[in-house]
Every structure is written in C-alpha cells, then in structure tokens.
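Peer 1: The structure file structure39.tsv (TSV, C-alpha atoms) is provided below.
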chain	number	residue	atom	x	y	z
A	1	MET	CA	38.34	-36.83	35.75
A	2	SER	CA	35.62	-38.82	33.99
A	3	THR	CA	33.65	-37.71	30.96
A	4	ALA	CA	30.46	-37.71	33.01
A	5	ALA	CA	31.94	-35.25	35.51
A	6	VAL	CA	33.00	-32.88	32.74
A	7	THR	CA	29.52	-33.07	31.21
A	8	ASP	CA	27.88	-32.26	34.54
A	9	LYS	CA	29.94	-29.08	34.98
A	10	ARG	CA	29.20	-27.81	31.47
A	11	PRO	CA	26.30	-25.31	31.50
A	12	GLY	CA	23.48	-26.48	29.28
A	13	SER	CA	20.52	-24.66	27.82
A	14	LEU	CA	18.24	-26.09	30.53
A	15	SER	CA	20.50	-25.73	33.57
A	16	GLY	CA	22.59	-22.68	32.63
A	17	ALA	CA	21.98	-19.11	33.79
A	18	ARG	CA	19.10	-17.32	32.08
A	19	LEU	CA	18.18	-13.67	31.87
A	20	PRO	CA	14.77	-12.78	33.34
A	21	LYS	CA	11.86	-12.16	30.99
A	22	TRP	CA	11.87	-8.46	31.74
A	23	SER	CA	15.51	-8.03	30.74
A	24	PRO	CA	14.75	-6.76	27.15
A	25	TRP	CA	12.57	-4.02	28.60
A	26	ALA	CA	15.26	-3.08	31.11
A	27	ILE	CA	17.91	-2.99	28.38
A	28	ALA	CA	15.62	-0.88	26.19
A	29	ALA	CA	14.93	1.57	29.03
A	30	GLY	CA	18.62	1.84	29.85
A	31	SER	CA	19.50	2.35	26.18
A	32	ALA	CA	16.89	5.10	25.87
A	33	ALA	CA	18.19	6.85	28.98
A	34	VAL	CA	21.80	6.69	27.79
A	35	ALA	CA	20.75	7.90	24.31
A	36	VAL	CA	18.97	10.90	25.80
A	37	GLY	CA	22.06	11.72	27.85
A	38	ILE	CA	24.29	11.45	24.80
A	39	GLY	CA	21.90	13.56	22.74
A	40	LEU	CA	21.71	16.31	25.35
A	41	GLY	CA	25.44	16.25	25.97
A	42	ALA	CA	26.30	16.38	22.27
A	43	GLY	CA	23.68	19.01	21.53
A	44	LEU	CA	21.64	16.83	19.19
A	45	GLY	CA	18.27	18.50	18.76
A	46	SER	CA	16.54	15.79	16.72
A	47	ARG	CA	14.69	13.09	18.61
A	48	MET	CA	15.14	10.84	15.60
A	49	GLN	CA	18.88	10.91	16.26
A	50	TRP	CA	18.23	10.00	19.87
A	51	GLY	CA	16.13	7.05	18.73
A	52	LEU	CA	18.81	5.77	16.35
A	53	ILE	CA	21.42	5.99	19.11
A	54	ALA	CA	19.08	4.12	21.46
A	55	ALA	CA	18.54	1.40	18.83
A	56	VAL	CA	22.28	0.87	18.39
A	57	LEU	CA	22.84	0.80	22.16
A	58	PHE	CA	19.95	-1.65	22.57
A	59	VAL	CA	21.44	-4.12	20.09
A	60	LEU	CA	24.95	-3.81	21.51
A	61	GLY	CA	23.71	-4.00	25.10
A	62	THR	CA	21.60	-7.06	24.34
A	63	TYR	CA	24.57	-8.87	22.87
A	64	GLY	CA	26.98	-7.91	25.64
A	65	ILE	CA	24.73	-8.78	28.55
A	66	THR	CA	23.40	-11.99	27.00
A	67	ALA	CA	26.87	-13.19	26.00
A	68	ARG	CA	28.12	-12.69	29.55
A	69	VAL	CA	25.19	-14.47	31.20
A	70	GLU	CA	23.92	-17.04	28.69
A	71	GLY	CA	26.78	-17.43	26.23
A	72	ARG	CA	27.55	-16.21	22.73
A	73	ARG	CA	25.23	-18.63	20.97
A	74	GLN	CA	22.18	-17.40	22.85
A	75	ALA	CA	23.43	-13.82	22.46
A	76	LYS	CA	23.38	-14.14	18.68
A	77	ASP	CA	19.79	-15.38	18.84
A	78	ARG	CA	18.72	-12.45	21.00
A	79	VAL	CA	20.54	-9.98	18.73
A	80	ALA	CA	18.64	-11.33	15.72
A	81	THR	CA	15.37	-10.86	17.62
A	82	SER	CA	16.45	-7.35	18.64
A	83	LEU	CA	17.24	-6.41	15.04
A	84	VAL	CA	13.76	-7.55	13.99
A	85	TRP	CA	12.16	-5.33	16.67
A	86	VAL	CA	14.35	-2.37	15.74
A	87	ALA	CA	13.46	-2.75	12.06
A	88	PHE	CA	9.79	-2.96	13.00
A	89	LEU	CA	9.99	0.24	15.04
A	90	LEU	CA	11.90	2.04	12.29
A	91	ALA	CA	9.06	1.19	9.92
A	92	VAL	CA	6.22	1.99	12.32
A	93	VAL	CA	7.46	5.30	13.75
A	94	PRO	CA	7.32	7.26	10.44
A	95	LEU	CA	3.91	5.76	9.69
A	96	VAL	CA	2.51	6.69	13.11
A	97	SER	CA	4.05	10.16	12.80
A	98	LEU	CA	2.45	10.64	9.37
A	99	VAL	CA	-0.98	9.50	10.52
A	100	TRP	CA	-0.80	11.58	13.71
A	101	THR	CA	0.22	14.73	11.84
A	102	THR	CA	-2.50	14.24	9.22
A	103	VAL	CA	-5.21	13.60	11.79
A	104	SER	CA	-4.19	16.45	14.11
A	105	ARG	CA	-4.06	18.97	11.28
A	106	GLY	CA	-6.87	17.56	9.16
A	107	VAL	CA	-9.64	17.65	11.77
A	108	LYS	CA	-9.54	21.44	11.96
A	109	VAL	CA	-11.95	21.95	9.04
A	110	LEU	CA	-13.17	18.41	8.40
A	111	ASP	CA	-16.93	18.42	8.95
A	112	VAL	CA	-20.17	17.75	7.10
A	113	HIS	CA	-20.06	21.14	5.37
A	114	PHE	CA	-16.53	20.46	4.12
A	115	LEU	CA	-17.56	17.08	2.70
A	116	THR	CA	-20.76	18.30	1.03
A	117	HIS	CA	-19.66	21.58	-0.60
A	118	SER	CA	-17.28	22.49	-3.39
A	119	MET	CA	-14.88	25.40	-3.72
A	120	GLY	CA	-17.24	27.08	-6.20
A	121	ILE	CA	-16.72	30.80	-5.92
A	122	VAL	CA	-14.54	30.48	-2.79
A	123	ALA	CA	-11.02	31.73	-3.46
A	124	ASP	CA	-8.02	29.73	-2.27
A	125	THR	CA	-7.15	32.55	0.14
A	126	ASP	CA	-10.62	32.53	1.78
A	127	THR	CA	-11.93	30.25	4.50
A	128	GLY	CA	-14.74	27.82	3.81
A	129	GLY	CA	-15.29	25.69	0.76
A	130	GLY	CA	-15.15	21.92	0.58
A	131	ILE	CA	-14.12	18.83	-1.33
A	132	TYR	CA	-17.40	17.44	-2.64
A	133	HIS	CA	-16.41	18.14	-6.24
A	134	ALA	CA	-13.04	16.43	-5.67
A	135	ILE	CA	-14.69	13.39	-4.08
A	136	VAL	CA	-17.07	13.04	-7.04
A	137	GLY	CA	-14.20	13.36	-9.51
A	138	SER	CA	-12.01	10.82	-7.70
A	139	LEU	CA	-14.80	8.26	-7.38
A	140	GLU	CA	-15.72	8.54	-11.06
A	141	GLN	CA	-12.16	8.52	-12.37
A	142	VAL	CA	-10.99	5.67	-10.14
A	143	GLY	CA	-14.20	3.73	-10.76
A	144	LEU	CA	-13.89	3.97	-14.54
A	145	ALA	CA	-10.20	3.04	-14.33
A	146	THR	CA	-11.14	-0.03	-12.29
A	147	LEU	CA	-13.81	-1.07	-14.79
A	148	ILE	CA	-11.15	-0.91	-17.52
A	149	GLY	CA	-8.02	-2.12	-15.75
A	150	ALA	CA	-9.32	-4.89	-13.47
A	151	PRO	CA	-10.93	-7.14	-16.13
A	152	ILE	CA	-7.99	-6.73	-18.52
A	153	GLY	CA	-5.51	-7.46	-15.74
A	154	VAL	CA	-7.36	-10.54	-14.51
A	155	LEU	CA	-7.81	-11.96	-18.02
A	156	THR	CA	-4.15	-11.34	-18.81
A	157	ALA	CA	-3.10	-13.19	-15.66
A	158	ILE	CA	-5.40	-16.10	-16.55
A	159	TYR	CA	-3.77	-16.30	-19.98
A	160	LEU	CA	-0.25	-16.27	-18.54
A	161	VAL	CA	-0.96	-18.95	-15.93
A	162	GLU	CA	-3.38	-21.25	-17.75
A	163	TYR	CA	-2.56	-20.85	-21.44
A	164	GLY	CA	0.65	-18.82	-21.78
A	165	ARG	CA	3.38	-20.69	-23.61
A	166	GLY	CA	6.05	-19.58	-26.04
A	167	ARG	CA	7.22	-16.17	-27.17
A	168	LEU	CA	3.88	-14.39	-26.84
A	169	ALA	CA	3.65	-15.21	-23.14
A	170	GLN	CA	7.26	-14.14	-22.65
A	171	ALA	CA	6.59	-10.86	-24.42
A	172	VAL	CA	3.48	-10.20	-22.32
A	173	THR	CA	5.39	-10.96	-19.12
A	174	PHE	CA	8.22	-8.65	-20.17
A	175	PHE	CA	5.91	-5.73	-20.94
A	176	VAL	CA	3.99	-6.26	-17.69
A	177	ASP	CA	7.28	-6.05	-15.79
A	178	VAL	CA	8.18	-2.86	-17.68
A	179	MET	CA	4.77	-1.30	-17.03
A	180	THR	CA	5.04	-2.08	-13.32
A	181	GLY	CA	7.98	0.30	-12.99
A	182	ILE	CA	6.98	3.16	-15.27
A	183	PRO	CA	6.37	6.54	-13.59
A	184	SER	CA	2.80	7.76	-13.53
A	185	ILE	CA	3.76	10.85	-15.54
A	186	VAL	CA	4.66	8.60	-18.49
A	187	ALA	CA	1.16	7.13	-18.57
A	188	GLY	CA	-0.24	10.66	-18.45
A	189	LEU	CA	1.98	11.80	-21.32
A	190	PHE	CA	0.90	8.82	-23.42
A	191	ILE	CA	-2.79	9.68	-23.06
A	192	LEU	CA	-1.99	13.38	-23.52
A	193	SER	CA	-0.33	12.65	-26.85
A	194	LEU	CA	-3.48	10.88	-28.02
A	195	MET	CA	-5.58	13.82	-26.86
A	196	LEU	CA	-3.41	16.24	-28.81
A	197	ILE	CA	-3.68	14.09	-31.94
A	198	LEU	CA	-7.47	13.95	-31.62
A	199	GLU	CA	-7.66	17.61	-30.50
A	200	LEU	CA	-9.56	16.83	-27.30
A	201	ASP	CA	-9.98	19.12	-24.30
A	202	PRO	CA	-9.21	17.92	-20.76
A	203	PHE	CA	-11.89	15.63	-19.30
A	204	GLY	CA	-12.18	13.12	-16.49
A	205	PHE	CA	-12.21	9.94	-18.58
A	206	ALA	CA	-8.75	10.79	-19.92
A	207	GLY	CA	-7.42	10.59	-16.39
A	208	SER	CA	-9.21	7.25	-15.97
A	209	LEU	CA	-7.38	5.86	-19.00
A	210	ALA	CA	-4.00	6.84	-17.55
A	211	LEU	CA	-4.93	5.39	-14.16
A	212	ALA	CA	-6.04	2.15	-15.83
A	213	ILE	CA	-2.60	1.85	-17.45
A	214	LEU	CA	-1.01	2.15	-14.01
A	215	MET	CA	-3.47	-0.29	-12.49
A	216	MET	CA	-3.24	-3.16	-14.98
A	217	PRO	CA	0.29	-4.44	-14.19
A	218	VAL	CA	-0.45	-4.48	-10.46
A	219	VAL	CA	-3.60	-6.52	-11.05
A	220	VAL	CA	-1.78	-8.86	-13.43
A	221	ARG	CA	1.03	-9.57	-10.97
A	222	SER	CA	-1.22	-10.09	-7.93
A	223	THR	CA	-3.73	-12.23	-9.83
A	224	GLU	CA	-0.96	-14.29	-11.40
A	225	GLU	CA	0.48	-15.15	-8.00
A	226	MET	CA	-2.96	-16.07	-6.63
A	227	LEU	CA	-3.69	-18.37	-9.57
A	228	LYS	CA	-0.35	-20.12	-9.12
A	229	LEU	CA	-1.31	-20.98	-5.54
A	230	VAL	CA	-4.30	-23.05	-6.70
A	231	PRO	CA	-3.25	-26.73	-6.45
A	232	ASN	CA	-2.89	-28.47	-9.79
A	233	GLU	CA	-4.76	-31.44	-8.33
A	234	LEU	CA	-7.98	-29.41	-8.45
A	235	ARG	CA	-7.48	-28.65	-12.14
A	236	GLU	CA	-6.58	-32.27	-12.91
A	237	ALA	CA	-9.58	-33.62	-11.01
A	238	SER	CA	-11.93	-31.34	-12.94
A	239	LEU	CA	-10.35	-32.18	-16.29
A	240	ALA	CA	-10.45	-35.90	-15.47
A	241	LEU	CA	-14.23	-35.64	-15.13
A	242	GLY	CA	-14.44	-34.32	-18.67
A	243	VAL	CA	-15.00	-30.67	-17.77
A	244	PRO	CA	-13.67	-28.28	-20.42
A	245	LYS	CA	-10.67	-26.18	-19.45
A	246	TRP	CA	-12.53	-22.87	-19.71
A	247	ARG	CA	-15.20	-24.18	-17.37
A	248	THR	CA	-12.57	-25.52	-14.98
A	249	ILE	CA	-11.04	-22.05	-14.80
A	250	LEU	CA	-14.44	-20.44	-14.31
A	251	LYS	CA	-15.85	-22.88	-11.75
A	252	VAL	CA	-12.77	-24.20	-9.93
A	253	VAL	CA	-9.70	-21.98	-10.31
A	254	LEU	CA	-11.30	-18.54	-9.97
A	255	PRO	CA	-13.56	-19.37	-6.99
A	256	THR	CA	-10.58	-20.85	-5.16
A	257	SER	CA	-8.46	-17.73	-5.64
A	258	ILE	CA	-11.16	-15.05	-5.68
A	259	GLY	CA	-10.23	-13.76	-2.22
A	260	GLY	CA	-6.62	-13.04	-3.19
A	261	ILE	CA	-7.64	-11.62	-6.56
A	262	THR	CA	-10.07	-9.22	-4.88
A	263	THR	CA	-7.38	-8.13	-2.44
A	264	GLY	CA	-4.98	-7.44	-5.31
A	265	VAL	CA	-7.58	-5.39	-7.18
A	266	MET	CA	-8.38	-3.35	-4.08
A	267	LEU	CA	-4.70	-2.67	-3.46
A	268	ALA	CA	-4.33	-1.56	-7.08
A	269	VAL	CA	-7.29	0.80	-6.62
A	270	ALA	CA	-5.68	2.22	-3.49
A	271	ARG	CA	-2.46	2.71	-5.45
A	272	ILE	CA	-4.05	4.77	-8.23
A	273	ALA	CA	-6.34	6.73	-5.90
A	274	GLY	CA	-3.43	8.91	-4.82
A	275	GLU	CA	-1.94	9.67	-8.23
A	276	THR	CA	-1.63	13.39	-9.05
A	277	ALA	CA	0.54	13.74	-12.17
A	278	PRO	CA	-1.82	12.09	-14.72
A	279	VAL	CA	-4.80	14.02	-13.35
A	280	LEU	CA	-2.87	17.28	-13.48
A	281	LEU	CA	-2.01	16.71	-17.15
A	282	LEU	CA	-5.31	15.32	-18.38
A	283	VAL	CA	-8.10	16.58	-16.10
A	284	TRP	CA	-6.75	19.98	-15.03
A	285	GLY	CA	-9.04	20.40	-12.03
A	286	ASN	CA	-12.29	22.28	-11.59
A	287	PRO	CA	-13.52	24.19	-8.51
A	288	PHE	CA	-17.13	23.52	-9.52
A	289	ILE	CA	-19.03	20.23	-9.43
A	290	ASN	CA	-18.81	18.28	-12.68
A	291	THR	CA	-20.52	14.88	-12.55
A	292	ASN	CA	-19.86	14.09	-16.23
A	293	PRO	CA	-16.40	12.49	-16.63
A	294	PHE	CA	-16.72	12.55	-20.42
A	295	GLU	CA	-16.99	16.30	-20.81
A	296	GLY	CA	-15.10	19.16	-19.21
A	297	ALA	CA	-12.41	19.39	-16.57
A	298	GLN	CA	-12.89	17.62	-13.26
A	299	ALA	CA	-11.32	17.72	-9.83
A	300	SER	CA	-9.84	14.87	-7.78
A	301	LEU	CA	-8.65	14.55	-4.21
A	302	PRO	CA	-4.88	14.28	-4.97
A	303	LEU	CA	-5.04	17.24	-7.37
A	304	TYR	CA	-7.11	19.24	-4.88
A	305	ILE	CA	-4.49	18.62	-2.18
A	306	TYR	CA	-1.71	19.73	-4.50
A	307	GLN	CA	-3.50	22.88	-5.58
A	308	GLN	CA	-4.49	23.89	-2.06
A	309	TYR	CA	-1.03	23.36	-0.63
A	310	ALA	CA	0.46	25.32	-3.54
A	311	ALA	CA	-1.82	28.26	-2.66
A	312	GLY	CA	0.46	29.00	0.32
A	313	ASN	CA	-1.93	30.35	2.99
A	314	ASP	CA	-3.32	29.00	6.25
A	315	ALA	CA	-6.87	28.43	5.00
A	316	ALA	CA	-5.63	26.46	2.00
A	317	TYR	CA	-3.24	24.46	4.19
A	318	ASP	CA	-6.13	23.43	6.46
A	319	ARG	CA	-8.18	22.31	3.48
A	320	ALA	CA	-5.22	20.37	2.07
A	321	TRP	CA	-4.68	18.50	5.34
A	322	ALA	CA	-8.41	17.75	5.67
A	323	ALA	CA	-8.49	16.41	2.10
A	324	SER	CA	-5.40	14.31	2.86
A	325	LEU	CA	-7.15	12.80	5.87
A	326	THR	CA	-10.18	12.04	3.70
A	327	LEU	CA	-7.98	10.32	1.11
A	328	ILE	CA	-6.24	8.24	3.78
A	329	ALA	CA	-9.63	7.21	5.17
A	330	PHE	CA	-10.75	6.24	1.66
A	331	VAL	CA	-7.68	4.06	1.12
A	332	MET	CA	-8.04	2.52	4.59
A	333	ILE	CA	-11.66	1.62	3.90
A	334	LEU	CA	-10.63	-0.03	0.63
A	335	ASN	CA	-8.02	-2.12	2.43
A	336	LEU	CA	-10.50	-3.15	5.12
A	337	VAL	CA	-13.02	-4.13	2.46
A	338	ALA	CA	-10.34	-6.14	0.66
A	339	ARG	CA	-9.40	-7.98	3.86
A	340	GLY	CA	-13.04	-8.68	4.61
A	341	ILE	CA	-13.71	-10.08	1.14
A	342	ALA	CA	-10.51	-12.14	1.24
A	343	ARG	CA	-11.53	-13.69	4.57
A	344	TRP	CA	-15.09	-14.24	3.39
A	345	LYS	CA	-14.07	-15.90	0.14
A	346	ALA	CA	-11.09	-17.82	1.53
A	347	PRO	CA	-11.32	-21.60	1.05
A	348	LYS	CA	-12.69	-23.33	4.13
A	349	THR	CA	-10.20	-25.57	5.93
A	350	GLY	CA	-10.76	-28.46	8.26
A	351	ARG	CA	-13.26	-31.35	8.11
Please lay out the structure from this file as structure tokens.

Peer 2:
Amino acid sequence: MSTAAVTDKRPGSLSGARLPKWSPWAIAAGSAAVAVGIGLGAGLGSRMQWGLIAAVLFVLGTYGITARVEGRRQAKDRVATSLVWVAFLLAVVPLVSLVWTTVSRGVKVLDVHFLTHSMGIVADTDTGGGIYHAIVGSLEQVGLATLIGAPIGVLTAIYLVEYGRGRLAQAVTFFVDVMTGIPSIVAGLFILSLMLILELDPFGFAGSLALAILMMPVVVRSTEEMLKLVPNELREASLALGVPKWRTILKVVLPTSIGGITTGVMLAVARIAGETAPVLLLVWGNPFINTNPFEGAQASLPLYIYQQYAAGNDAAYDRAWAASLTLIAFVMILNLVARGIARWKAPKTGR
C-alpha cells in the first residue's frame, strides 16, 4: 500500500468527524440531569453539591465523547475550554447569589426616607430610622483618606519608577509590600496608640488616617504598574528635545498613564469604603448627624451595618441589608466612574 493511500485514510482535522456546535449544551444538560438524579438518590440537600457534581460530570463527559468522536488531541482542547467555563461559573455563582440576596432583602426599607434620615432617637429594636448620618460619615472619612493617601501613593510610585535607585528605593518597595498585606485592624491600632498618647477622643479624621494607611500601598502598586507601561521612547524623545525630567513626567508620562492611575485610585477608594475595624476603634459610631469629622464620634456605612446586624432583631436586620445594598451601589458607582475616566483618558490609537 502506498504512502498516499495511508494518508488518505487517516482522519484529519478538516475531514474527520466533528461534534455539532450544540454538543456542549447537550453535554451540560445531560450532566445537570444526572447530577440532580445523583443528588436526590444520595439524599444531598445542597444545590451547591449538585452543581459541583454536574461540573465534574460535564468535564468528564466532554472528554469521553470528544475523544471517541474527534480524537484525544481535540478532547484535551475541549476539556481545557470546559475547565475555563467551570471556573468562570464557580466564580460568578457566589457573586450573583450575594447580589441577589442583598437586593431582595435590602429593598424592603430602602426609600427616600431611609436615605435622608438618621437613627437619632430611634432605638435599634424599633422600625424606621435611616442612614443619612452614616452616609455623611463615610463620604467625609473616605474623602479625607483619599486626599491624604492618593497624592502620597502617586508621588511614591513616581519616585520608584522614575528616580528610585539603590537601597532607599529597595526599602520603600519592601515596606510597600509589607503594608499591602497588613490587616486593617493593625492600621487602626497604630492610630489608636497615637490618640492615646495625645489623649484624644474618638473623631472621624482618626478613621481617615487609618484608611489612608490602607489605601496608600494599593495606589502605589497600581500607579507603579501604569507608569511602567509608558514606553521609554516617549521619555527619551522628550529629554532629547531638552525638556527637564520633571516636566517630562508632568507633561508626558502622567497624561499617558492618567487613565490607569485614576482606575487604581478608584479601586483603592472602593477597598477602604467597606472597612469596619478601624472605624470601630477610632470613630465609635454616632446615631446622630455629625458633619464635623474633626470633632466627636461619627458613623459610617460599614460600622452601621455591623451595629444593626449585631442588634439581633428583624427591624435592625432590614436596615443592615438596606445599608449593605447602598454600600454596594456606592462601590459600583465608583468602579463605573473609574472605567469611564480610564476610557476617556486612554491614549488614542490609530492614524
């Protein structure tokens, strides 16, 4: 038999058998049905267990069917794709469940009255009240922390990328890495120790200082990565024209990376907006409206949620879920604003 005849009989990727496009959906449906049967037969009451069984059956079924029809090489490719989809679903399902639970339970008392009134003289066991005082406290504390942490973080990143050489830069990088992983309670204890030394009472700005400590390493890391993405050719072209380095950074480097820097700052703001431990130590909470962050205790949304859920009654639970929904909406708006600014300030491509 000639070599040409053997080659003609060998199934190739273009002439060999192929599964139809709807086969992944059919395999997924069959895996789900079998998983439900196994779950009911074994007495498994958790639907999460059913889903994990279905995911395993889907991967195994995809490999078995594809290997039989298309060959082992194509089966491995489909299994890799299946694992990616399974990992995606495993990440999305808890997120969707969290958002659905928060929305379904948070809309019970979320209205204009809830957003424009404070707890005031309303007890935690009573119905009514609102989160206006907590919104004011969160906006002021997070805003002050941003005014402190964002400029320091951006300037530190500029030093590390543009000027940092030697042991000082290595020391700064090391401490930034350490600060990135410290628990929020440690930042709160640090500011609390200073307050005890100076004999200060709880006030909102103390919480802002702790939040700024948590914010700075995130801003440094994100800004540093954005500055590294700026092509060196732009810097060299500016310097070749006789432009000083500080002006090159101000007029060339920062405008090129401003979209990514803004996104990093917004993500850092979203990260500190949900911190409870530093606020609990330093601000203490206040059921009344306090618009002065430099005097007296203040409230914040994370602390309000913690206190209401700790009250342990239905009215407080409803307020806690409504405040949680408000906090999620606040973080979502920040992320949307960050994406919008990043797209607006992104360097234009094309001719």

Peer 1: As a ChimeraX atom specification, please: the residues near A:Leu209 (cut-off 12 Å, all atoms listed in the file, same-chain neighbours under 4 positions excluded).

Peer 2: /A:140-149,184,187-192,194-195,203-205,213-216,272,278-279,282-283,293-294

Peer 1: Residues at most 12 Å from A:Asp177, counting all atoms listed in the file, excluding those fewer than 6 positions away in the same chain, as a PyMOL selection string?

Peer 2: chain A and resi 170-171+214+216-221

Peer 1: I'd like the contact shell of stretch 53-62 of chain A - 7 Å cut-off, only C-alpha atoms, skipping same-chain residues fewer than 6 positions apart - returned as a PyMOL selection string.

Peer 2: chain A and resi 27-28+31-32+35+78-79+82-83+86

Peer 1: Do you have the atom CA of A:Gly128-atom CA of A:Thr291 distance handy?

Peer 2: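 Result for atom CA of A:Gly128 versus atom CA of A:Thr291: 21.6 Å, one decimal.
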
Peer 1: What is the atom CA of A:Leu227-atom CA of A:Ser257 distance in Å, reported with one decimal?

Peer 2: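 Rounded to one decimal, the two atoms are 6.2 Å apart.
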
Peer 1: For the atom pair atom CA of A:Val178 and atom CA of A:Pro302, what is the interatomic distance in Å to one decimal place?

Peer 2: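 It comes out at 25.0 Å.
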
Peer 1: Using only C-alpha atoms, which of A:Ala315, A:Val96, A:Ala299, A:Met266 sits nearest A:Val331?

Peer 2: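 When distances to A:Val331 are compared using only C-alpha atoms, the smallest one comes from A:Met266.
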
Peer 1: Could you pull the residues within 10 Å of A:Glu225, counting all atoms listed in the file, minus those fewer than 2 positions along the same chain, as a PyMOL selection string?

Peer 2: chain A and resi 157+161+220-223+227-230+257+260-261+264

Peer 1: From the set A:Thr156, A:Leu52, A:Thr125, A:Ile258, which residue has the shortest atom-to-atom contact distance to A:Ala169, counting all atoms listed in the file?

Peer 2: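 Answer, going by the shortest atom-to-atom distance: A:Thr156.
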
Peer 1: Find, counting only C-alpha atoms, the residue in A:Gly51, A:Val112, A:Tyr63, A:Val176 that gets nearest to A:Asp77.

Peer 2: A:Tyr63

Peer 1: I'd like the box whose edges run along x, y and z of the file and which contains every listed atom of stretch 218-233 of chain A, padded by 4 Å per side; could you state its centre and edge lengths in Å, one decimal, as JSON?

Peer 2:
{"center_x": -1.9, "center_y": -18.0, "center_z": -9.5, "size_x": 13.8, "size_y": 35.0, "size_z": 15.9}

Peer 1: Go through A:Ala26, A:Val109, A:Ala123, A:Met48 and flag the residue nearest A:Ala311, using only C-alpha atoms for the distances.

Peer 2: A:Ala123

Peer 1: Determine, counting all atoms listed in the file, every residue of protein, DNA or RNA that lies within 12 Å of (-17.3, 13.7, -1.1) in the file coordinates, then give the result as a VMD selection string.

Peer 2: chain A and resid 110 to 118 130 to 140 289 291 299 to 301 322 to 323 326 to 327 329 to 330
